[in-house]
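Trainee: Starting off with a structure, shown below.
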Number of protein chains: 2
Amino acid sequence: MTTDGFVPAGTEIGFVGLGIMGEPMARNLLRAGYSLKVHNRSRPALDRLVSEGATAAHSPAEVADGADVAITMLPDSPDVEAVVTGDDGIAASLTGGSVLIDMSTISPVMTRRLAASLAARDITMLDAPVSGGQQGAIDGALSIMVGGDKFVFEACRPIFEHLGKSITLVGESGAGQVTKACNQAIVAGTIQIVAEALTLASRSGVDPATVREALLGGFASSKILEVHGKRILDRQFDPGFKVRLHEKDLKIALETAADARVPLFTTALLKQLLTCLVAQGHGERDHSALALLTEELAGAAA
Amino acid sequence: MTTDGFVPAGTEIGFVGLGIMGEPMARNLLRAGYSLKVHNRSRPALDRLVSEGATAAHSPAEVADGADVAITMLPDSPDVEAVVTGDDGIAASLTGGSVLIDMSTISPVMTRRLAASLAARDITMLDAPVSGGQQGAIDGALSIMVGGDKFVFEACRPIFEHLGKSITLVGESGAGQVTKACNQAIVAGTIQIVAEALTLASRSGVDPATVREALLGGFASSKILEVHGKRILDRQFDPGFKVRLHEKDLKIALETAADARVPLFTTALLKQLLTCLVAQGHGERDHSALALLTEELAGAAA
C-alpha cells in the first residue's frame with residue numbers, strides 16, 4: 001500500500017511504546033510501507049516488530065534520530081514527559097521541522113506544556129489520542145481525536161489513515177486530549193448508570209435482559225447499553241478496556257476540569273467508584289466490571 | 001379503525017387524567033372507536049374530548065362504572081392511590097373481571113400494593129408506564145413497559161397498540177414501573193455526563209459541537225448525546241421532559257432501590273442535582289437543563 005500525502009510511504013518514523021495498542025499500530029505503519037524505528041521498555045514486542053522489518057532503537061533519542069515523525073503511545077503523562085524531555089529523550093534528537101505525534105491518553109495541560117517547549121525548537125507536536133481499543137488498533141479502525149496545527153495535521157493525515165477510520169482535527173494543541181477526556185467521562189458515566197439500572201432491575205425481581213431489550217431504541221439507548229450492557233448480563237469482564245486505565249483517564253479529566261475551574265460532580269464520583277473497584281482487586285478487568293461493584297455494595301441477593 | 005383483540009372497538013373504557021400525556025392518549029383511543037368515559041380535575045381537556053365524542057364523568061368512580069377497562073394517567077403515586085382507592089375512587093365501582101391499566105409513572109412498591117388489593121376483588125391491574133413524551137403520545141408512538149398477568153396483557157394489547165409502537169411485557173406486577181425507573185435513571189445519568197463533558201470541552205477552549213461530532217459513532221455515542229447534546233449546544237431548554245418530573249422519577253427509582261437494598265450512587269447524586277436545578281428555578285425546563293447547572297456551578301466563563 002502506498003500513500004500520496006506529505007508523509008509518503010518510505011518516510012522515516014520513530015515509534016516509542018509497543019504495548020497492547022502501540023504494537024498493532026506500529027505494525028500497521030510497517031505494513032503500509034513506512035520505514036519504522038521502534039523502541040520499547042520490554043523486548044518481546046520489539047523483537048516481533050524487528051522480525052517484521054522494523055529497526056530496533058535503544059532509546060527514545062535513537063528512535064527520533066533522523067526521523068521526520070516520531071510517535072509515542074505510552075501509558076500516562078509522566079511516561080510521555082520522560083520519553084520526550086528526559087535524558088536520551090526524543091526531544092534531544094528531533095530536528096527542526098519534524099513532528100511529534102503523541103497518541104497516548106495524557107493530560108491536556110502536560111500536552112500544551114510539551115507542545116510549547118517543542119515549538120521553541122521548531123518541532124510541532126500533535127496530540128492524537130485514540131479510542132476503539134486493541135481490536136480497533138489491530139484493524140486500523142481507531143477513532144483519532146487530534147489537536148494541533150491544521151497544516152501539520154493534514155500533512156500527517158496519511159499516517160492517521162493507516163491507523164484509524166474516524167479522524168477529526170478537534171482544535172488547537174491539547175484539544176485532542178480534552179476530547180478524549182470527554183469521551184472517557186461519558187463512557188464511564190454511561191457504564192455506571194447502566195450498571196445501576198440493571199442491578200436495580202434484577203434485585204427488584206425483573207429480568208435485566210428484558211429491561212435492556214425494552215430500553216434499547218428509546219432515549220436510554222446507547223452504544224454502552226448495547227455492548228457493555230450485554231457484557232454485564234453475560235458476566236464477561238475480561239478486558240476490553242481495563243478499570244485501572246479508566247481510573248487514570250478520569251484522573252486526567254478531573255485535573256483538566258480543575259484547571260478550567262469546572263466542577264464535574266458525576267465524573268468525580270465515577271473516579272471514586274473506579275478507585276474502589278481497583279482497591280477491590282478488579283483493576284485488570286473490563287470497565288463494565290463497575291456492575292460488580294454495585295452488586296458487591298448491594299451485598300448478597302435477597 | 002377496528003381491532004380484533006379481546007377488547008375490540010366499542011369496549012367501554014374509563015380514562016382518568018387528561019394532562020399533557022393523557023389527553024392525546026385518550027384521543028387516540030376515541031379515534032380508534034372505543035367508547036370512552038373521561039374524568040379530569042380541570043375542565044378544558046375534558047371539554048375538548050367530550051366535544052370529540054367522549055362522555056364526561058364527575059368522579060373516578062363514575063368513570064369506572066360499567067367500564068371493562070379503566071386507564072389512569074396521573075402525575076405521581078399519591079394521585080394514583082387517591083384515584084383508585086379513595087372515596088369515589090375507581091375501585092369503588094370496578095367490577096370483578098375488569099382491568100385497571102395504570103400508565104402513570106409511579107412507585108413499583110405502591111403498584112404492587114394496589115395490584116394485590118384489587119386482585120382480592122378479582123380486578124386485574126397492569127402497570128404500563130410509557131416513554132416517548134408528548135409527541136409520542138400524540139403520534140401513538142410511545143414505548144410501553146408493562147408489568148402484570150400475561151393473559152390480561154394479551155387481552156389488552158389492542159388498546160396498547162393504539163397508543164404505542166414498542167410494547168413489552170417485562171414481567172409481573174410492578175415490573176413495568178421498575179423498567180421505567182431504570183429508564184429514567186439511565187436517561188438522567190447520560191444527560192448529566194454529556195453535560196459535564198460538553199462543559200469541560202467549552203471551558204477548556206475546545207468547541208463542544210466538534211467534540212459531540214467526534215464522539216458520535218464511538219463508545220460515547222447515545223441517543224442522549226445526539227438529541228440532548230444538540231439541545232445543550234442550541235440552548236433549547238423548553239420541555240421536552242420537565243426537570244421537576246424527572247426529579248420525581250428518580251425519587252421513585254431511589255425508593256425502589258432502597259426497598260431492594262441496592263445502593264445507587266450515581267442515581268442518588270443525579271437526584272440531588274435535579275433537586276438543585278429545581279431550587280434554582282429551572283423545574284419547568286427540559287431535563288437537558290442539567291447543563292445549565294454545571295455551567296452555573298462553574299461560574300462565569302474565564
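Every chain in the C-alpha cells has a letter given in the order shown (A, B, ...), and although residue numbers restart at 1 in each chain, ligands are simply numbered from 1 in the order shown.
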If you superpose chain A onto chain B over the full set of Cα atoms in sequence order, what number do you get for the RMSD in Å?
Mentor: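 Once chain A is overlaid on chain B, the RMSD is 0.1 Å.
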Trainee: Using 6 Å as the limit and counting only C-alpha atoms, can you tabulate each residue of chain B that touches chain A, with its shortest atom-to-atom distance in Å and the two atoms involved, as CSV?
Mentor:
```
residue,atom,partner,partner_atom,distance
B:Ala175,CA,A:Val206,CA,5.8
B:Thr179,CA,A:Val211,CA,5.9
B:Cys182,CA,A:Ala197,CA,4.6
B:Asn183,CA,A:Ala220,CA,5.8
B:Ile186,CA,A:Ile193,CA,5.4
B:Val187,CA,A:Ala220,CA,5.1
B:Gly189,CA,A:Ile193,CA,5.9
B:Thr190,CA,A:Thr190,CA,5.8
B:Ile193,CA,A:Ile186,CA,5.4
B:Glu196,CA,A:Leu264,CA,5.9
B:Ala197,CA,A:Cys182,CA,4.6
B:Arg203,CA,A:Ala260,CA,5.9
B:Ser204,CA,A:Ala260,CA,5.8
B:Val206,CA,A:Ala175,CA,5.8
B:Val211,CA,A:Thr179,CA,5.9
B:Phe219,CA,A:Lys223,CA,5.5
B:Ala220,CA,A:Val187,CA,5.1
B:Ser221,CA,A:Lys223,CA,5.8
B:Ser222,CA,A:Ser222,CA,3.9
B:Lys223,CA,A:Phe219,CA,5.5
B:Ala260,CA,A:Ser204,CA,5.8
B:Val262,CA,A:Ala298,CA,4.8
B:Pro263,CA,A:Ala298,CA,6.0
B:Leu264,CA,A:Glu196,CA,5.9
B:Ala298,CA,A:Val262,CA,4.8
```
Trainee: CA of Val38 in chain A and CA of Glu247 in chain A are how many Å apart?
Mentor: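 Distance between the two atoms: 28.3 Å.
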Trainee: Can you pull out the residues contacting Ile90 in chain B? Cut-off 10 Å, using only C-alpha atoms, and skip same-chain residues under 6 positions away; I want them as number ranges by chain.
Mentor: B: 14, 16, 59-65, 70-72, 80-84, 100
Trainee: Using DSSP secondary structure from the backbone, list all strand (DSSP E or B) positions within range 41-245 of chain A, as an NGL selection string.
Mentor: :A and (55-56 or 69-72 or 99-102 or 124-127 or 130-131 or 142-147 or 164-171 or 222 or 242)
Trainee: Please provide the set of residues having any atom within 12 Å of Glu154 in chain B, restricted to only C-alpha atoms, with same-chain residues fewer than 4 positions apart removed, written as a list in words.
Mentor: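 Close residues of Glu154 in chain B: Asp4, Gly5, Phe6, Val7, Leu126, Val146, Gly147, Gly148, Asp149, Lys150, Pro158, Ile159, Phe160, Glu161, Ile167, Thr168 and Leu169 of chain B.
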Trainee: If you keep N, CA, C and O atoms, can you produce a file of those selected residues as an mmCIF file, in the first residue's frame?
Mentor:
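Printed below is again_14.cif as written:
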```
data_model
loop_
_atom_site.group_PDB
_atom_site.id
_atom_site.type_symbol
_atom_site.label_atom_id
_atom_site.label_comp_id
_atom_site.auth_asym_id
_atom_site.auth_seq_id
_atom_site.Cartn_x
_atom_site.Cartn_y
_atom_site.Cartn_z
ATOM 1 N N ASP B 4 -59.065 -6.409 16.499
ATOM 2 C CA ASP B 4 -59.524 -7.794 16.550
ATOM 3 C C ASP B 4 -59.188 -8.486 17.860
ATOM 4 O O ASP B 4 -59.245 -9.702 17.959
ATOM 5 N N GLY B 5 -58.820 -7.724 18.891
ATOM 6 C CA GLY B 5 -58.365 -8.325 20.147
ATOM 7 C C GLY B 5 -59.513 -8.687 21.055
ATOM 8 O O GLY B 5 -60.684 -8.723 20.661
ATOM 9 N N PHE B 6 -59.172 -8.946 22.296
ATOM 10 C CA PHE B 6 -60.161 -9.299 23.299
ATOM 11 C C PHE B 6 -60.952 -8.078 23.752
ATOM 12 O O PHE B 6 -61.990 -8.195 24.352
ATOM 13 N N VAL B 7 -60.352 -6.904 23.523
ATOM 14 C CA VAL B 7 -61.059 -5.670 23.882
ATOM 15 C C VAL B 7 -61.303 -4.864 22.609
ATOM 16 O O VAL B 7 -60.677 -3.862 22.358
ATOM 17 N N LEU B 126 -52.697 -3.828 35.544
ATOM 18 C CA LEU B 126 -51.448 -3.822 34.776
ATOM 19 C C LEU B 126 -50.766 -2.488 35.030
ATOM 20 O O LEU B 126 -51.419 -1.445 34.990
ATOM 21 N N VAL B 146 -44.781 -2.963 30.306
ATOM 22 C CA VAL B 146 -45.926 -3.483 31.038
ATOM 23 C C VAL B 146 -45.527 -4.553 32.051
ATOM 24 O O VAL B 146 -44.726 -5.443 31.757
ATOM 25 N N GLY B 147 -46.099 -4.441 33.247
ATOM 26 C CA GLY B 147 -45.962 -5.484 34.256
ATOM 27 C C GLY B 147 -47.326 -6.046 34.591
ATOM 28 O O GLY B 147 -48.300 -5.299 34.662
ATOM 29 N N GLY B 148 -47.400 -7.376 34.755
ATOM 30 C CA GLY B 148 -48.675 -7.978 35.149
ATOM 31 C C GLY B 148 -48.946 -9.294 34.452
ATOM 32 O O GLY B 148 -48.070 -9.864 33.788
ATOM 33 N N ASP B 149 -50.164 -9.761 34.594
ATOM 34 C CA ASP B 149 -50.579 -11.059 34.071
ATOM 35 C C ASP B 149 -50.483 -11.118 32.544
ATOM 36 O O ASP B 149 -50.971 -10.232 31.833
ATOM 37 N N LYS B 150 -49.855 -12.195 32.062
ATOM 38 C CA LYS B 150 -49.592 -12.336 30.632
ATOM 39 C C LYS B 150 -50.896 -12.403 29.811
ATOM 40 O O LYS B 150 -51.011 -11.798 28.737
ATOM 41 N N PRO B 158 -54.641 -4.752 22.075
ATOM 42 C CA PRO B 158 -55.203 -3.819 21.084
ATOM 43 C C PRO B 158 -55.252 -2.376 21.598
ATOM 44 O O PRO B 158 -55.036 -1.433 20.826
ATOM 45 N N ILE B 159 -55.521 -2.224 22.876
ATOM 46 C CA ILE B 159 -55.502 -0.865 23.444
ATOM 47 C C ILE B 159 -54.103 -0.284 23.346
ATOM 48 O O ILE B 159 -53.900 0.838 22.869
ATOM 49 N N PHE B 160 -53.111 -1.068 23.803
ATOM 50 C CA PHE B 160 -51.727 -0.578 23.774
ATOM 51 C C PHE B 160 -51.284 -0.228 22.357
ATOM 52 O O PHE B 160 -50.541 0.726 22.140
ATOM 53 N N GLU B 161 -51.763 -1.013 21.396
ATOM 54 C CA GLU B 161 -51.313 -0.776 20.014
ATOM 55 C C GLU B 161 -51.849 0.521 19.427
ATOM 56 O O GLU B 161 -51.300 1.021 18.435
ATOM 57 N N ILE B 167 -44.101 -2.227 22.529
ATOM 58 C CA ILE B 167 -44.931 -2.676 23.654
ATOM 59 C C ILE B 167 -44.322 -3.951 24.206
ATOM 60 O O ILE B 167 -44.270 -4.970 23.523
ATOM 61 N N THR B 168 -43.823 -3.892 25.448
ATOM 62 C CA THR B 168 -43.106 -5.039 26.004
ATOM 63 C C THR B 168 -43.696 -5.444 27.350
ATOM 64 O O THR B 168 -43.806 -4.624 28.255
ATOM 65 N N LEU B 169 -44.063 -6.719 27.464
ATOM 66 C CA LEU B 169 -44.402 -7.259 28.785
ATOM 67 C C LEU B 169 -43.077 -7.622 29.441
ATOM 68 O O LEU B 169 -42.395 -8.564 29.016
#
```
Trainee: Excluding Pro24 in chain B and residues on its chain fewer than 5 positions from it, collect all residues at most 9 Å away from it, counting only C-alpha atoms, and give them as a ChimeraX atom specification.
Mentor: /B:18-19,29,134,137-140
Trainee: Let's see if you can do this: from backbone DSSP, list all helix (DSSP H, G or I) residues in range 94-276 of chain A, as a ChimeraX atom specification.
Mentor: /A:108-119,133-139,150-163,175-203,208-215,223-234,243-260,265-276
Trainee: Could you state the separation of CA of Leu233 in chain B and CA of His282 in chain B in Å, given to one decimal place?
Mentor: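 Computed distance, CA of Leu233 in chain B to CA of His282 in chain B, equals 17.5 Å.
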Trainee: As a ChimeraX atom specification, please: the residues near range 242-246 of chain B (cut-off 7 Å, only C-alpha atoms, same-chain neighbours under 5 positions excluded).
Mentor: /B:274,278,283-287
Trainee: Take CA of Leu49 in chain B and CA of Phe15 in chain B and report the distance between them in Å, one decimal.
Mentor: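 Computing it gives 11.0 Å between the two atoms.
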